[in-house]
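As structure tokens, the structure follows; a few thoughts come after it.
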Amino acid sequence: MIDKQFKNLEEQIEILKYKGMTINDEKYVKRILLRENYFFLSGYRYPFMRSVTDKHFLEGVTFEEMYSLFLFDRAIRNVFFKYLLVIENNLKSIISYQLSKKYGYKEKNYLKTKNFTNDKSKLKQVNDLVKKMKRQIRVNGSKHTATAHYLSNYGYVPLWILVKVLSFGIVGELFSIMKYDDQINICNFYHIPLDEFSTYLPILSNYRNLCAHEDILYENRTQKKIKGTIYHQLLNIDKNEEGEYVKGTNDLFALLVIMKRMLSYEEFKDMCLELDKRIDNLEYNLHSIKIEKILDRMGFPSNYMEIANIERSDLVEEGKN
């Protein structure tokens, strides 16, 4: 195996030039490469390449264009992250309310294993998760302001406080081991069938972590696919020979569909307006390729903004959400 050798800024620029990129201002490029890391920036080169096999840049591609895509991805990552946190907070609130109402508000009551599924294949998972949650109380009891307050003043930590220190992943796992009736009550709040909701949670958790760790977002693909929805239908998204939608199943648009179903109409509309603004800005900065090429890699149909104007309440009444 050949080692990857260290390249200084001048050598990094020469590599870009050799591959056909136009460098207009070397001092500017050096400053950006030093700040942002050549490796991370180069992850945005693919839309500007001639082909999958020909790794040279298209004619006229500038460093500024590739950097614009990098900044665009950072910008939409921040938008998605902001609203993923809204969904996370809402979900934690709804779950803690449902379980506290049924099983009590003290951990000695709501953390009993009998409160969860009696599926024998999940017995170990139930025991492990209960231990994780009890450990969070021990670890964060004195560190987190809210948990410390309840422990010092009341001697227990209610679930609606505990969820604040639980990761999205643990909350998703918590949902997966709940009794069927408890799961249905939560799904009913969102008007989403259980099988689809169970698919959504790990996808949301994965995207939340991706956004938090500054990974490439715009062309990310998930292993799991979501089912087609009324939104796919209303936006007239094409289907392949197998009858599956070609966009919006395991791409960024699929995440947008999930968030459409879990955010309020106003929250989702604001989110789409923020995304549209970033897309317009990127389009202005692209010269060698069209914005449609980026939208396609995102899984976004050309009429993506129409999803923002669909009233979810109308679909719920018709039983189509």
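Chain labels run A, B, ... following the order of the structure tokens; each chain numbers its residues from 1, and ligands are numbered from 1 in the order shown.
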Practice item. Fewer than 6 positions away in the same chain doesn't count, so skip those; otherwise give me all residues within 7 Å of stretch 71-84 of chain A, counting only C-alpha atoms, as a PyMOL selection string. Key: chain A and resi 208+211+216-218+271+275+278+282
Written selection (C-alpha atoms) as an mmCIF file, in the first residue's frame:
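again_1.cif was written with the following content:
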data_model
loop_
_atom_site.group_PDB
_atom_site.id
_atom_site.type_symbol
_atom_site.label_atom_id
_atom_site.label_comp_id
_atom_site.auth_asym_id
_atom_site.auth_seq_id
_atom_site.Cartn_x
_atom_site.Cartn_y
_atom_site.Cartn_z
ATOM 1 C CA ARG A 208 -28.478 14.754 13.069
ATOM 2 C CA CYS A 211 -24.814 17.614 10.592
ATOM 3 C CA ILE A 216 -20.884 16.089 3.496
ATOM 4 C CA LEU A 217 -24.659 16.447 3.511
ATOM 5 C CA TYR A 218 -26.004 17.467 0.117
ATOM 6 C CA MET A 271 -37.079 25.892 6.729
ATOM 7 C CA LEU A 275 -33.000 26.332 1.977
ATOM 8 C CA ARG A 278 -29.079 29.069 -0.025
ATOM 9 C CA LEU A 282 -25.209 28.780 -4.920
#
List the neighbours of A:Tyr231 out to 12 Å using only C-alpha atoms; skip same-chain residues closer than 6 positions along the sequence, and give me the result as a short mmCIF file (atom, residue, chain, number, x, y, z; two decimals) with C-alpha atoms, in the first residue's frame.
data_model
loop_
_atom_site.label_atom_id
_atom_site.label_comp_id
_atom_site.auth_asym_id
_atom_site.auth_seq_id
_atom_site.Cartn_x
_atom_site.Cartn_y
_atom_site.Cartn_z
CA ILE A 237 -41.75 12.50 -8.98
CA TYR A 245 -39.73 6.80 -6.83
CA LYS A 247 -36.03 10.70 -5.84
CA GLY A 248 -36.99 11.15 -2.22
CA THR A 249 -36.38 7.63 -0.87
CA PHE A 253 -35.10 15.03 -0.29
CA ALA A 254 -36.24 11.96 1.63
CA LEU A 256 -37.08 16.78 3.72
CA VAL A 257 -40.19 14.62 3.29
CA ILE A 258 -39.73 13.15 6.78
CA MET A 259 -39.34 16.61 8.27
CA LYS A 260 -42.44 17.79 6.39
CA ARG A 261 -44.38 15.13 8.25
CA PRO A 301 -36.97 17.67 -7.90
CA ASN A 303 -40.34 21.85 -8.13
CA TYR A 304 -39.07 21.07 -4.61
CA MET A 305 -40.51 24.29 -3.13
CA GLU A 306 -44.06 23.14 -3.81
CA ILE A 307 -43.83 20.77 -0.85
CA ALA A 308 -43.63 23.79 1.46
CA ASN A 309 -47.07 25.01 0.41
CA ILE A 310 -48.95 21.75 0.87
CA GLU A 311 -51.20 22.04 3.90
CA ARG A 312 -50.55 18.95 6.02
CA LEU A 315 -53.94 15.66 3.99
CA LYS A 320 -53.22 10.71 3.19
CA ASN A 321 -50.40 11.90 5.42
#
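On the backbone of this structure, DSSP gives strand (DSSP E or B) within stretch 113-299 of chain A to Phe116, Met178, Lys239 and Tyr245 of chain A.
Note that atom CA of A:Ile87 and atom CA of A:Leu263 are 6.6 Å apart.
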Proximity of stretch 61-148 of chain A to stretch 184-189 of chain A: per-residue shortest pair, 9 Å limit, only C-alpha atoms, as a tab-separated table:
residue	atom	partner	partner_atom	distance
A:Leu91	CA	A:Ile186	CA	8.6
A:Ile94	CA	A:Ile186	CA	7.0
A:Ile95	CA	A:Ile186	CA	6.9
A:Gln98	CA	A:Ile186	CA	7.5
Go ahead and write the residues just picked, C-alpha atoms, as an mmCIF file, in the first residue's frame.
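Here's the written file out-v2.cif:
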data_model
loop_
_atom_site.group_PDB
_atom_site.id
_atom_site.type_symbol
_atom_site.label_atom_id
_atom_site.label_comp_id
_atom_site.auth_asym_id
_atom_site.auth_seq_id
_atom_site.Cartn_x
_atom_site.Cartn_y
_atom_site.Cartn_z
ATOM 1 C CA LEU A 91 -40.177 13.894 20.082
ATOM 2 C CA ILE A 94 -44.121 13.696 23.415
ATOM 3 C CA ILE A 95 -42.443 10.444 24.492
ATOM 4 C CA GLN A 98 -46.886 9.590 27.113
#
Exercise for review: Give me the residues within 12 Å of A:Val246 as number ranges by chain, counting only C-alpha atoms and dropping any in the same chain fewer than 2 places off.
Suggested key: A: 225-228, 232-233, 236-244, 248-251, 253-254, 296-301
Exercise for review: Kindly indicate which residue among A:Phe63, A:Gln12, A:Asn115, A:Lys108 lies nearest to A:Tyr28, using only C-alpha atoms for the distances.
Suggested key: A:Phe63
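From atom CA of A:Met178 back to atom CA of A:Arg138, the distance works out to 22.8 Å.
Excluding A:Phe168 itself and same-chain residues fewer than 4 positions from it, the residues having an atom within 9 Å of it are Glu88, Lys92, Gly172, Glu173, Leu201, Pro202, Leu204, Ser205, Arg208 and Asn209 of chain A, counting only C-alpha atoms.
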Export, as an mmCIF file, in the first residue's frame, the selected residues with C-alpha atoms.
data_model
loop_
_atom_site.group_PDB
_atom_site.id
_atom_site.type_symbol
_atom_site.label_atom_id
_atom_site.label_comp_id
_atom_site.auth_asym_id
_atom_site.auth_seq_id
_atom_site.Cartn_x
_atom_site.Cartn_y
_atom_site.Cartn_z
ATOM 1 C CA GLU A 88 -35.691 16.002 18.510
ATOM 2 C CA LYS A 92 -38.553 13.857 23.520
ATOM 3 C CA GLY A 172 -35.013 6.241 19.013
ATOM 4 C CA GLU A 173 -33.968 3.025 20.709
ATOM 5 C CA LEU A 201 -36.171 7.679 13.572
ATOM 6 C CA PRO A 202 -32.774 6.089 12.762
ATOM 7 C CA LEU A 204 -33.214 11.360 11.554
ATOM 8 C CA SER A 205 -30.637 10.323 14.148
ATOM 9 C CA ARG A 208 -28.478 14.754 13.069
ATOM 10 C CA ASN A 209 -25.055 13.255 13.782
#
Exercise for review: Taking the DSSP assignment computed from this structure's backbone, write out as a ChimeraX atom specification all residues of stretch 44-199 of chain A that belong to alpha helix (DSSP H).
Suggested key: /A:63-103,107-110,123-140,145-153,159-162,168-176,180-190,194-199
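Reported to one decimal place, the separation of atom CA of A:Ser198 from atom CA of A:Asp119 is 16.4 Å.
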